[in-house]
>>> print(open('model_16.pdb').read())   # PDB, C-alpha atoms, pLDDT in the B column
ATOM      1  CA  MET R   1     -52.018 279.228 232.922  1.00 75.00           C
ATOM      2  CA  LYS R   2     -49.303 278.386 230.403  1.00 83.00           C
ATOM      3  CA  ASN R   3     -46.651 280.340 232.349  1.00 92.00           C
ATOM      4  CA  ILE R   4     -47.190 278.587 235.688  1.00 96.00           C
ATOM      5  CA  LYS R   5     -44.061 276.990 237.152  1.00 97.00           C
ATOM      6  CA  VAL R   6     -44.929 276.649 240.853  1.00 98.00           C
ATOM      7  CA  ILE R   7     -48.233 275.310 242.207  1.00 98.00           C
ATOM      8  CA  ALA R   8     -48.938 275.811 245.907  1.00 97.00           C
ATOM      9  CA  PHE R   9     -51.611 273.896 247.781  1.00 97.00           C
ATOM     10  CA  ASP R  10     -53.345 274.962 250.944  1.00 95.00           C
ATOM     11  CA  ALA R  11     -53.536 271.982 253.306  1.00 94.00           C
ATOM     12  CA  ASP R  12     -56.579 272.140 255.629  1.00 93.00           C
ATOM     13  CA  ASP R  13     -59.820 271.494 253.718  1.00 92.00           C
ATOM     14  CA  THR R  14     -57.923 271.488 250.413  1.00 94.00           C
ATOM     15  CA  LEU R  15     -55.767 268.379 250.796  1.00 96.00           C
ATOM     16  CA  TRP R  16     -57.464 266.897 253.856  1.00 95.00           C
ATOM     17  CA  VAL R  17     -60.469 267.314 256.179  1.00 94.00           C
ATOM     18  CA  ASN R  18     -60.066 269.930 258.917  1.00 92.00           C
ATOM     19  CA  GLU R  19     -62.938 272.331 259.647  1.00 90.00           C
ATOM     20  CA  PRO R  20     -65.569 269.599 260.306  1.00 92.00           C
ATOM     21  CA  TYR R  21     -63.377 268.351 263.169  1.00 94.00           C
ATOM     22  CA  PHE R  22     -63.293 271.849 264.688  1.00 93.00           C
ATOM     23  CA  LEU R  23     -67.067 272.185 264.332  1.00 93.00           C
ATOM     24  CA  GLU R  24     -67.595 268.812 265.998  1.00 95.00           C
ATOM     25  CA  THR R  25     -65.359 269.879 268.901  1.00 97.00           C
ATOM     26  CA  GLU R  26     -67.113 273.232 269.174  1.00 95.00           C
ATOM     27  CA  GLN R  27     -70.510 271.531 269.471  1.00 96.00           C
ATOM     28  CA  LYS R  28     -69.246 269.362 272.331  1.00 97.00           C
ATOM     29  CA  PHE R  29     -67.742 272.440 273.971  1.00 97.00           C
ATOM     30  CA  CYS R  30     -71.015 274.371 273.715  1.00 97.00           C
ATOM     31  CA  ALA R  31     -72.815 271.465 275.382  1.00 96.00           C
ATOM     32  CA  LEU R  32     -70.426 271.751 278.350  1.00 96.00           C
ATOM     33  CA  LEU R  33     -71.691 275.270 279.043  1.00 96.00           C
ATOM     34  CA  GLU R  34     -75.384 274.790 278.333  1.00 95.00           C
ATOM     35  CA  ASP R  35     -76.228 275.437 282.005  1.00 94.00           C
ATOM     36  CA  TYR R  36     -74.859 278.963 281.540  1.00 95.00           C
ATOM     37  CA  LEU R  37     -75.798 279.948 277.970  1.00 96.00           C
ATOM     38  CA  PRO R  38     -77.595 278.499 274.926  1.00 96.00           C
ATOM     39  CA  HIS R  39     -75.358 276.705 272.416  1.00 96.00           C
ATOM     40  CA  HIS R  40     -75.443 279.488 269.828  1.00 95.00           C
ATOM     41  CA  SER R  41     -74.453 282.062 272.451  1.00 96.00           C
ATOM     42  CA  VAL R  42     -71.499 279.973 273.624  1.00 96.00           C
ATOM     43  CA  SER R  43     -70.427 279.652 269.990  1.00 95.00           C
ATOM     44  CA  GLN R  44     -70.581 283.438 269.575  1.00 95.00           C
ATOM     45  CA  GLU R  45     -68.566 283.957 272.749  1.00 96.00           C
ATOM     46  CA  LEU R  46     -65.924 281.497 271.577  1.00 96.00           C
ATOM     47  CA  PHE R  47     -65.617 283.208 268.201  1.00 93.00           C
ATOM     48  CA  LYS R  48     -65.296 286.581 269.921  1.00 95.00           C
ATOM     49  CA  THR R  49     -62.466 285.187 272.058  1.00 96.00           C
ATOM     50  CA  GLU R  50     -60.728 283.763 268.998  1.00 94.00           C
ATOM     51  CA  MET R  51     -60.840 287.089 267.176  1.00 92.00           C
ATOM     52  CA  GLN R  52     -59.538 288.982 270.211  1.00 95.00           C
ATOM     53  CA  ASN R  53     -56.594 286.596 270.568  1.00 95.00           C
ATOM     54  CA  LEU R  54     -55.752 285.970 266.917  1.00 89.00           C
ATOM     55  CA  SER R  55     -52.823 288.391 266.864  1.00 89.00           C
ATOM     56  CA  LEU R  56     -51.429 286.799 270.060  1.00 91.00           C
ATOM     57  CA  TYR R  57     -52.022 283.084 269.479  1.00 91.00           C
ATOM     58  CA  GLY R  58     -52.240 282.759 265.716  1.00 87.00           C
ATOM     59  CA  TYR R  59     -54.088 279.833 264.137  1.00 87.00           C
ATOM     60  CA  GLY R  60     -54.401 276.159 265.019  1.00 89.00           C
ATOM     61  CA  VAL R  61     -55.632 273.732 267.633  1.00 92.00           C
ATOM     62  CA  LYS R  62     -53.549 275.071 270.529  1.00 93.00           C
ATOM     63  CA  SER R  63     -54.917 278.568 269.964  1.00 94.00           C
ATOM     64  CA  PHE R  64     -58.413 277.068 269.843  1.00 95.00           C
ATOM     65  CA  MET R  65     -57.821 275.269 273.160  1.00 96.00           C
ATOM     66  CA  LEU R  66     -56.659 278.437 274.907  1.00 97.00           C
ATOM     67  CA  CYS R  67     -59.662 280.327 273.571  1.00 97.00           C
ATOM     68  CA  MET R  68     -62.051 277.618 274.796  1.00 97.00           C
ATOM     69  CA  ILE R  69     -60.518 277.784 278.276  1.00 97.00           C
ATOM     70  CA  GLU R  70     -60.747 281.586 278.349  1.00 97.00           C
ATOM     71  CA  THR R  71     -64.365 281.404 277.188  1.00 97.00           C
ATOM     72  CA  VAL R  72     -65.220 278.959 279.977  1.00 97.00           C
ATOM     73  CA  LEU R  73     -63.810 281.338 282.579  1.00 97.00           C
ATOM     74  CA  ARG R  74     -65.615 284.369 281.149  1.00 96.00           C
ATOM     75  CA  VAL R  75     -68.985 282.675 280.620  1.00 96.00           C
ATOM     76  CA  THR R  76     -68.951 281.163 284.117  1.00 96.00           C
ATOM     77  CA  ASN R  77     -67.514 284.308 285.738  1.00 95.00           C
ATOM     78  CA  ASN R  78     -64.539 282.227 286.943  1.00 95.00           C
ATOM     79  CA  THR R  79     -66.789 279.785 288.812  1.00 94.00           C
ATOM     80  CA  ALA R  80     -66.531 276.816 286.429  1.00 93.00           C
ATOM     81  CA  ASN R  81     -66.317 273.343 287.866  1.00 93.00           C
ATOM     82  CA  PRO R  82     -62.753 272.078 287.245  1.00 95.00           C
ATOM     83  CA  GLU R  83     -64.311 269.127 285.406  1.00 96.00           C
ATOM     84  CA  ILE R  84     -65.485 271.531 282.678  1.00 96.00           C
ATOM     85  CA  LEU R  85     -61.917 272.798 282.223  1.00 96.00           C
ATOM     86  CA  HIS R  86     -60.624 269.228 282.227  1.00 97.00           C
ATOM     87  CA  LYS R  87     -63.118 268.257 279.521  1.00 97.00           C
ATOM     88  CA  THR R  88     -62.221 271.343 277.492  1.00 97.00           C
ATOM     89  CA  ILE R  89     -58.537 270.416 277.462  1.00 97.00           C
ATOM     90  CA  GLN R  90     -59.451 266.818 276.642  1.00 97.00           C
ATOM     91  CA  TYR R  91     -61.490 267.951 273.623  1.00 97.00           C
ATOM     92  CA  GLY R  92     -58.534 269.964 272.358  1.00 95.00           C
ATOM     93  CA  GLN R  93     -56.170 267.029 272.770  1.00 96.00           C
ATOM     94  CA  GLU R  94     -58.593 264.779 270.896  1.00 96.00           C
ATOM     95  CA  LEU R  95     -58.603 267.327 268.082  1.00 93.00           C
ATOM     96  CA  LEU R  96     -54.811 267.104 267.878  1.00 93.00           C
ATOM     97  CA  HIS R  97     -55.064 263.342 267.425  1.00 93.00           C
ATOM     98  CA  LYS R  98     -57.719 263.281 264.720  1.00 93.00           C
ATOM     99  CA  PRO R  99     -56.894 261.005 261.756  1.00 93.00           C
ATOM    100  CA  ILE R 100     -55.889 262.498 258.421  1.00 95.00           C
ATOM    101  CA  GLU R 101     -58.669 262.019 255.898  1.00 95.00           C
ATOM    102  CA  LEU R 102     -57.539 262.978 252.405  1.00 96.00           C
ATOM    103  CA  LEU R 103     -60.065 264.686 250.161  1.00 94.00           C
ATOM    104  CA  ASP R 104     -61.178 263.119 246.881  1.00 89.00           C
ATOM    105  CA  ASP R 105     -58.532 262.448 244.222  1.00 92.00           C
ATOM    106  CA  VAL R 106     -55.752 264.310 246.043  1.00 96.00           C
ATOM    107  CA  LYS R 107     -53.080 261.652 245.526  1.00 95.00           C
ATOM    108  CA  GLU R 108     -54.028 261.131 241.893  1.00 95.00           C
ATOM    109  CA  ILE R 109     -53.868 264.885 241.219  1.00 96.00           C
ATOM    110  CA  LEU R 110     -50.470 265.246 242.854  1.00 97.00           C
ATOM    111  CA  GLU R 111     -49.204 262.231 240.919  1.00 96.00           C
ATOM    112  CA  ALA R 112     -50.372 263.803 237.656  1.00 96.00           C
ATOM    113  CA  LEU R 113     -48.675 267.136 238.398  1.00 96.00           C
ATOM    114  CA  LYS R 114     -45.452 265.827 239.933  1.00 95.00           C
ATOM    115  CA  GLY R 115     -42.433 266.443 237.716  1.00 94.00           C
ATOM    116  CA  LYS R 116     -44.292 268.934 235.544  1.00 95.00           C
ATOM    117  CA  TYR R 117     -44.361 271.724 238.150  1.00 97.00           C
ATOM    118  CA  ARG R 118     -42.681 272.529 241.429  1.00 97.00           C
ATOM    119  CA  LEU R 119     -45.328 271.571 243.975  1.00 97.00           C
ATOM    120  CA  VAL R 120     -45.480 273.381 247.311  1.00 97.00           C
ATOM    121  CA  VAL R 121     -47.599 273.276 250.457  1.00 97.00           C
ATOM    122  CA  ALA R 122     -48.464 276.775 251.694  1.00 96.00           C
ATOM    123  CA  THR R 123     -50.577 276.504 254.825  1.00 94.00           C
ATOM    124  CA  LYS R 124     -51.058 278.428 258.040  1.00 90.00           C
ATOM    125  CA  GLY R 125     -51.402 277.138 261.554  1.00 85.00           C
ATOM    126  CA  ASP R 126     -49.379 275.684 264.390  1.00 87.00           C
ATOM    127  CA  LEU R 127     -45.989 274.408 263.211  1.00 88.00           C
ATOM    128  CA  LEU R 128     -45.950 271.122 265.137  1.00 89.00           C
ATOM    129  CA  ASP R 129     -49.560 270.302 264.331  1.00 90.00           C
ATOM    130  CA  GLN R 130     -49.213 270.989 260.604  1.00 91.00           C
ATOM    131  CA  GLU R 131     -45.953 269.021 260.420  1.00 92.00           C
ATOM    132  CA  ARG R 132     -47.685 266.115 262.175  1.00 93.00           C
ATOM    133  CA  LYS R 133     -50.625 266.195 259.765  1.00 93.00           C
ATOM    134  CA  LEU R 134     -48.373 266.340 256.720  1.00 94.00           C
ATOM    135  CA  ALA R 135     -46.312 263.388 257.973  1.00 93.00           C
ATOM    136  CA  LYS R 136     -49.470 261.344 258.650  1.00 94.00           C
ATOM    137  CA  SER R 137     -50.942 262.246 255.254  1.00 96.00           C
ATOM    138  CA  GLY R 138     -48.303 260.344 253.307  1.00 95.00           C
ATOM    139  CA  LEU R 139     -48.043 263.248 250.822  1.00 97.00           C
ATOM    140  CA  SER R 140     -44.662 264.747 251.765  1.00 95.00           C
ATOM    141  CA  SER R 141     -42.771 263.160 248.873  1.00 95.00           C
ATOM    142  CA  TYR R 142     -44.834 265.070 246.308  1.00 97.00           C
ATOM    143  CA  PHE R 143     -43.697 268.485 247.493  1.00 96.00           C
ATOM    144  CA  HIS R 144     -40.598 270.476 246.654  1.00 94.00           C
ATOM    145  CA  HIS R 145     -41.117 272.766 249.659  1.00 94.00           C
ATOM    146  CA  ILE R 146     -43.354 273.029 252.738  1.00 95.00           C
ATOM    147  CA  GLU R 147     -44.217 276.498 254.043  1.00 94.00           C
ATOM    148  CA  ILE R 148     -46.123 276.685 257.334  1.00 93.00           C
ATOM    149  CA  MET R 149     -47.091 280.326 257.663  1.00 90.00           C
ATOM    150  CA  SER R 150     -48.167 282.327 260.696  1.00 85.00           C
ATOM    151  CA  ASP R 151     -50.605 284.139 258.395  1.00 88.00           C
ATOM    152  CA  LYS R 152     -51.471 284.415 254.701  1.00 92.00           C
ATOM    153  CA  LYS R 153     -51.210 288.049 253.752  1.00 94.00           C
ATOM    154  CA  GLU R 154     -49.459 289.694 250.805  1.00 95.00           C
ATOM    155  CA  LYS R 155     -46.155 289.985 252.687  1.00 96.00           C
ATOM    156  CA  ASP R 156     -46.265 286.286 253.608  1.00 95.00           C
ATOM    157  CA  TYR R 157     -46.704 285.239 249.986  1.00 96.00           C
ATOM    158  CA  GLU R 158     -44.001 287.666 248.857  1.00 97.00           C
ATOM    159  CA  LYS R 159     -41.629 286.053 251.352  1.00 96.00           C
ATOM    160  CA  LEU R 160     -42.547 282.606 250.021  1.00 96.00           C
ATOM    161  CA  LEU R 161     -42.009 283.615 246.391  1.00 97.00           C
ATOM    162  CA  LYS R 162     -38.644 285.161 247.243  1.00 96.00           C
ATOM    163  CA  HIS R 163     -37.595 281.916 248.925  1.00 95.00           C
ATOM    164  CA  LEU R 164     -38.735 279.922 245.887  1.00 96.00           C
ATOM    165  CA  ASP R 165     -37.134 282.412 243.473  1.00 97.00           C
ATOM    166  CA  CYS R 166     -40.452 282.531 241.648  1.00 97.00           C
ATOM    167  CA  LYS R 167     -42.065 285.521 239.964  1.00 97.00           C
ATOM    168  CA  PRO R 168     -45.741 286.116 240.860  1.00 97.00           C
ATOM    169  CA  GLU R 169     -46.892 285.511 237.266  1.00 96.00           C
ATOM    170  CA  HIS R 170     -45.393 282.003 237.471  1.00 97.00           C
ATOM    171  CA  PHE R 171     -47.161 281.150 240.751  1.00 98.00           C
ATOM    172  CA  LEU R 172     -50.525 279.426 241.220  1.00 98.00           C
ATOM    173  CA  MET R 173     -52.206 279.003 244.605  1.00 97.00           C
ATOM    174  CA  LEU R 174     -54.980 276.448 245.180  1.00 97.00           C
ATOM    175  CA  GLY R 175     -57.161 276.632 248.272  1.00 94.00           C
ATOM    176  CA  ASN R 176     -60.595 276.743 249.860  1.00 92.00           C
ATOM    177  CA  SER R 177     -60.381 280.241 251.386  1.00 90.00           C
ATOM    178  CA  LEU R 178     -60.983 283.317 249.242  1.00 90.00           C
ATOM    179  CA  LYS R 179     -59.651 285.498 252.046  1.00 88.00           C
ATOM    180  CA  SER R 180     -56.393 283.607 252.664  1.00 89.00           C
ATOM    181  CA  ASP R 181     -55.637 281.565 249.548  1.00 93.00           C
ATOM    182  CA  VAL R 182     -56.914 283.789 246.764  1.00 93.00           C
ATOM    183  CA  MET R 183     -57.114 287.519 247.461  1.00 92.00           C
ATOM    184  CA  PRO R 184     -53.536 288.079 248.748  1.00 95.00           C
ATOM    185  CA  VAL R 185     -52.074 286.095 245.834  1.00 97.00           C
ATOM    186  CA  LEU R 186     -54.030 288.116 243.285  1.00 96.00           C
ATOM    187  CA  GLU R 187     -52.880 291.319 244.983  1.00 95.00           C
ATOM    188  CA  ILE R 188     -49.217 290.487 244.371  1.00 97.00           C
ATOM    189  CA  GLY R 189     -49.794 289.466 240.745  1.00 96.00           C
ATOM    190  CA  GLY R 190     -50.106 285.698 241.086  1.00 97.00           C
ATOM    191  CA  HIS R 191     -52.803 283.265 239.972  1.00 97.00           C
ATOM    192  CA  ALA R 192     -55.282 281.625 242.346  1.00 96.00           C
ATOM    193  CA  VAL R 193     -57.923 278.911 242.190  1.00 95.00           C
ATOM    194  CA  HIS R 194     -60.751 278.713 244.712  1.00 93.00           C
ATOM    195  CA  ILE R 195     -62.002 275.213 245.515  1.00 92.00           C
ATOM    196  CA  PRO R 196     -64.984 275.729 247.862  1.00 87.00           C
ATOM    197  CA  TYR R 197     -65.340 273.380 250.810  1.00 81.00           C
ATOM    198  CA  HIS R 198     -68.779 272.606 252.238  1.00 63.00           C
ATOM    199  CA  THR R 199     -67.946 274.369 255.490  1.00 64.00           C
ATOM    200  CA  THR R 200     -65.666 277.351 256.073  1.00 59.00           C
ATOM    201  CA  TRP R 201     -64.660 279.075 259.305  1.00 49.00           C
ATOM    202  CA  ALA R 202     -66.492 282.393 259.663  1.00 57.00           C
ATOM    203  CA  HIS R 203     -63.199 284.298 259.836  1.00 52.00           C
ATOM    204  CA  GLU R 204     -62.286 283.095 256.318  1.00 59.00           C
ATOM    205  CA  GLN R 205     -65.509 284.224 254.659  1.00 59.00           C
ATOM    206  CA  ILE R 206     -65.891 287.388 252.569  1.00 55.00           C
ATOM    207  CA  ASP R 207     -69.066 289.314 251.741  1.00 62.00           C
ATOM    208  CA  HIS R 208     -68.377 290.396 248.172  1.00 64.00           C
ATOM    209  CA  THR R 209     -68.022 288.842 244.736  1.00 70.00           C
ATOM    210  CA  LEU R 210     -64.476 288.420 243.504  1.00 69.00           C
ATOM    211  CA  GLU R 211     -63.537 289.169 239.905  1.00 79.00           C
ATOM    212  CA  HIS R 212     -59.994 289.126 238.533  1.00 78.00           C
ATOM    213  CA  ASP R 213     -58.263 287.993 235.335  1.00 87.00           C
ATOM    214  CA  ASN R 214     -56.047 285.605 237.327  1.00 93.00           C
ATOM    215  CA  PHE R 215     -58.876 284.162 239.431  1.00 91.00           C
ATOM    216  CA  TYR R 216     -60.465 280.793 238.715  1.00 92.00           C
ATOM    217  CA  GLN R 217     -63.125 278.858 240.576  1.00 89.00           C
ATOM    218  CA  VAL R 218     -63.827 275.142 240.340  1.00 91.00           C
ATOM    219  CA  LYS R 219     -66.170 272.809 242.184  1.00 90.00           C
ATOM    220  CA  ALA R 220     -63.523 270.149 242.840  1.00 91.00           C
ATOM    221  CA  LEU R 221     -59.738 270.044 242.807  1.00 90.00           C
ATOM    222  CA  ALA R 222     -59.618 267.619 239.875  1.00 91.00           C
ATOM    223  CA  GLU R 223     -61.325 270.169 237.608  1.00 92.00           C
ATOM    224  CA  ILE R 224     -58.115 272.197 237.392  1.00 91.00           C
ATOM    225  CA  LEU R 225     -56.105 269.393 235.763  1.00 92.00           C
ATOM    226  CA  PRO R 226     -57.198 270.042 232.142  1.00 91.00           C
ATOM    227  CA  GLN R 227     -55.882 273.608 232.491  1.00 89.00           C
ATOM    228  CA  LEU R 228     -52.513 272.405 233.722  1.00 92.00           C
ATOM    229  CA  LEU R 229     -51.732 269.271 231.698  1.00 88.00           C
TER
END
>>> encode(input="model_16.pdb", output="structure tokens")
Amino acid sequence: MKNIKVIAFDADDTLWVNEPYFLETEQKFCALLEDYLPHHSVSQELFKTEMQNLSLYGYGVKSFMLCMIETVLRVTNNTANPEILHKTIQYGQELLHKPIELLDDVKEILEALKGKYRLVVATKGDLLDQERKLAKSGLSSYFHHIEIMSDKKEKDYEKLLKHLDCKPEHFLMLGNSLKSDVMPVLEIGGHAVHIPYHTTWAHEQIDHTLEHDNFYQVKALAEILPQLL
């Protein structure tokens, strides 16, 4: 990694806790509809709705809220008690107000790398929500640039690198998703480190082993420091 000049960090479940909050909300949502379907079936219906709407709504809490509401209407055949819809919206609003819980050693790692590399946040999701989380995290001062992306595909990373005036071989992406944080970066000639998180959204999972000269995997974010310092 001796040629790395820019290090980009995913945000959700790389810098701070995210997916467990969604899972907690989903469990409460499934309980709302238990008179209509078993929990696991409601969960499957919700995921189906999310996948159908992904190209329309994108990622984030607001998309999740809309998909929960649509799932309520479909599962109940448009006969849902308004209280169920009220609770669904309430759960989504609670999700938007969750505290920011930094993952282990994040501040110390950023402190160690600051000044030695250009540090960037490259995350996808709802603009307002991600800006709110970053502001509440207290980490903004460590980053040269914040990129909140509608998606994380090759073209999105190419756009980011063009903005940063950075060649792919000088770029390193760190994140918990092989599908979003690793594979597209490797495809354009960059370097990527996978830091697995204990829970990952089904949409971000892949079913094959990844091998590449520019691919690295660590158990915790701090393990990458010896390679970079």
>>> closest_residue(input="model_16.pdb", among="R:Leu160, R:Ile195, R:Val17, R:Leu228", to="Val182 (chain R)", atoms="all atoms listed in the file")
R:Ile195
>>> closest_residue(input="model_16.pdb", among="R:Pro99, R:Pro226, R:Gly60, R:Pro168", to="Gly190 (chain R)", atoms="only C-alpha atoms")
R:Pro168
>>> closest_residue(input="model_16.pdb", among="R:Lys162, R:Lys62, R:Lys219, R:Lys48", to="Glu94 (chain R)", atoms="only C-alpha atoms")
R:Lys62
>>> atom_distance(input="model_16.pdb", atom1="CA of Asn53 (chain R)", atom2="CA of Leu178 (chain R)")
22.0 Å
>>> resolve_selection(input="model_16.pdb", expression="the PyMOL selection byres ((chain R and resi 92) around 9)", output="list of chain:residue names")
R:Thr25, R:Val61, R:Lys62, R:Phe64, R:Met65, R:Met68, R:Lys87, R:Thr88, R:Ile89, R:Gln90, R:Tyr91, R:Gln93, R:Glu94, R:Leu95, R:Leu96, R:His97
>>> atom_distance(input="model_16.pdb", atom1="CA of His144 (chain R)", atom2="CA of Lys98 (chain R)")
25.9 Å
>>> atom_distance(input="model_16.pdb", atom1="CA of Gly189 (chain R)", atom2="CA of Ile109 (chain R)")
24.9 Å
>>> closest_residue(input="model_16.pdb", among="R:Leu127, R:Glu83, R:Phe143, R:Glu187", to="Glu111 (chain R)", atoms="only C-alpha atoms")
R:Phe143
>>> closest_residue(input="model_16.pdb", among="R:Lys136, R:Ala222, R:Asp181, R:Lys116", to="Val6 (chain R)", atoms="all atoms listed in the file")
R:Lys116
>>> resolve_selection(input="model_16.pdb", expression="the PyMOL selection byres ((chain R and resi 35) around 12)", output="PyMOL selection string")
chain R and resi 30-34+36-39+41-42+72+75-76+80-81+84
>>> residues_around(input="model_16.pdb", residues="Tyr157 (chain R)", least_positions_apart="3", cutoff="9 Å", atoms="all atoms listed in the file", output="list of chain:residue names")
R:Ala122, R:Lys152, R:Lys153, R:Glu154, R:Leu160, R:Leu161, R:Lys162, R:Pro184, R:Val185, R:Ile188
>>> resolve_selection(input="model_16.pdb", expression="the PyMOL selection byres ((chain R and resi 108) around 12)", output="number ranges by chain")
R: 15, 102-107, 109-114, 139, 142, 221-222, 225
>>> build_atoms(input="model_16.pdb", residues="region 207-225 of chain R", atoms="N, CA and C atoms", output="short mmCIF file (atom, residue, chain, number, x, y, z; two decimals), in the frame of the given file")
data_model
loop_
_atom_site.label_atom_id
_atom_site.label_comp_id
_atom_site.auth_asym_id
_atom_site.auth_seq_id
_atom_site.Cartn_x
_atom_site.Cartn_y
_atom_site.Cartn_z
N ASP R 207 -67.67 288.95 252.04
CA ASP R 207 -69.07 289.31 251.74
C ASP R 207 -69.21 290.02 250.40
N HIS R 208 -68.27 289.78 249.49
CA HIS R 208 -68.38 290.40 248.17
C HIS R 208 -67.95 289.41 247.09
N THR R 209 -68.38 289.69 245.87
CA THR R 209 -68.02 288.84 244.74
C THR R 209 -66.62 289.21 244.25
N LEU R 210 -65.86 288.20 243.93
CA LEU R 210 -64.48 288.42 243.50
C LEU R 210 -64.36 288.25 242.00
N GLU R 211 -63.78 289.24 241.35
CA GLU R 211 -63.54 289.17 239.90
C GLU R 211 -62.11 289.62 239.62
N HIS R 212 -61.38 288.81 238.84
CA HIS R 212 -59.99 289.13 238.53
C HIS R 212 -59.56 288.24 237.36
N ASP R 213 -58.72 288.76 236.50
CA ASP R 213 -58.26 287.99 235.34
C ASP R 213 -57.50 286.74 235.72
N ASN R 214 -56.85 286.76 236.89
CA ASN R 214 -56.05 285.60 237.33
C ASN R 214 -56.78 284.72 238.33
N PHE R 215 -58.08 284.92 238.46
CA PHE R 215 -58.88 284.16 239.43
C PHE R 215 -59.72 283.11 238.72
N TYR R 216 -59.70 281.91 239.28
CA TYR R 216 -60.46 280.79 238.72
C TYR R 216 -61.21 280.11 239.86
N GLN R 217 -62.37 279.60 239.57
CA GLN R 217 -63.12 278.86 240.58
C GLN R 217 -63.59 277.54 239.99
N VAL R 218 -63.41 276.48 240.76
CA VAL R 218 -63.83 275.14 240.34
C VAL R 218 -64.63 274.52 241.47
N LYS R 219 -65.38 273.48 241.16
CA LYS R 219 -66.17 272.81 242.18
C LYS R 219 -65.37 271.74 242.92
N ALA R 220 -64.35 271.19 242.24
CA ALA R 220 -63.52 270.15 242.84
C ALA R 220 -62.10 270.31 242.33
N LEU R 221 -61.15 269.88 243.14
CA LEU R 221 -59.74 270.04 242.81
C LEU R 221 -59.37 269.44 241.45
N ALA R 222 -59.96 268.30 241.13
CA ALA R 222 -59.62 267.62 239.88
C ALA R 222 -59.98 268.44 238.62
N GLU R 223 -60.89 269.38 238.76
CA GLU R 223 -61.32 270.17 237.61
C GLU R 223 -60.23 271.07 237.06
N ILE R 224 -59.18 271.30 237.85
CA ILE R 224 -58.12 272.20 237.39
C ILE R 224 -57.11 271.48 236.50
N LEU R 225 -57.10 270.16 236.53
CA LEU R 225 -56.10 269.39 235.76
C LEU R 225 -56.09 269.69 234.26
#
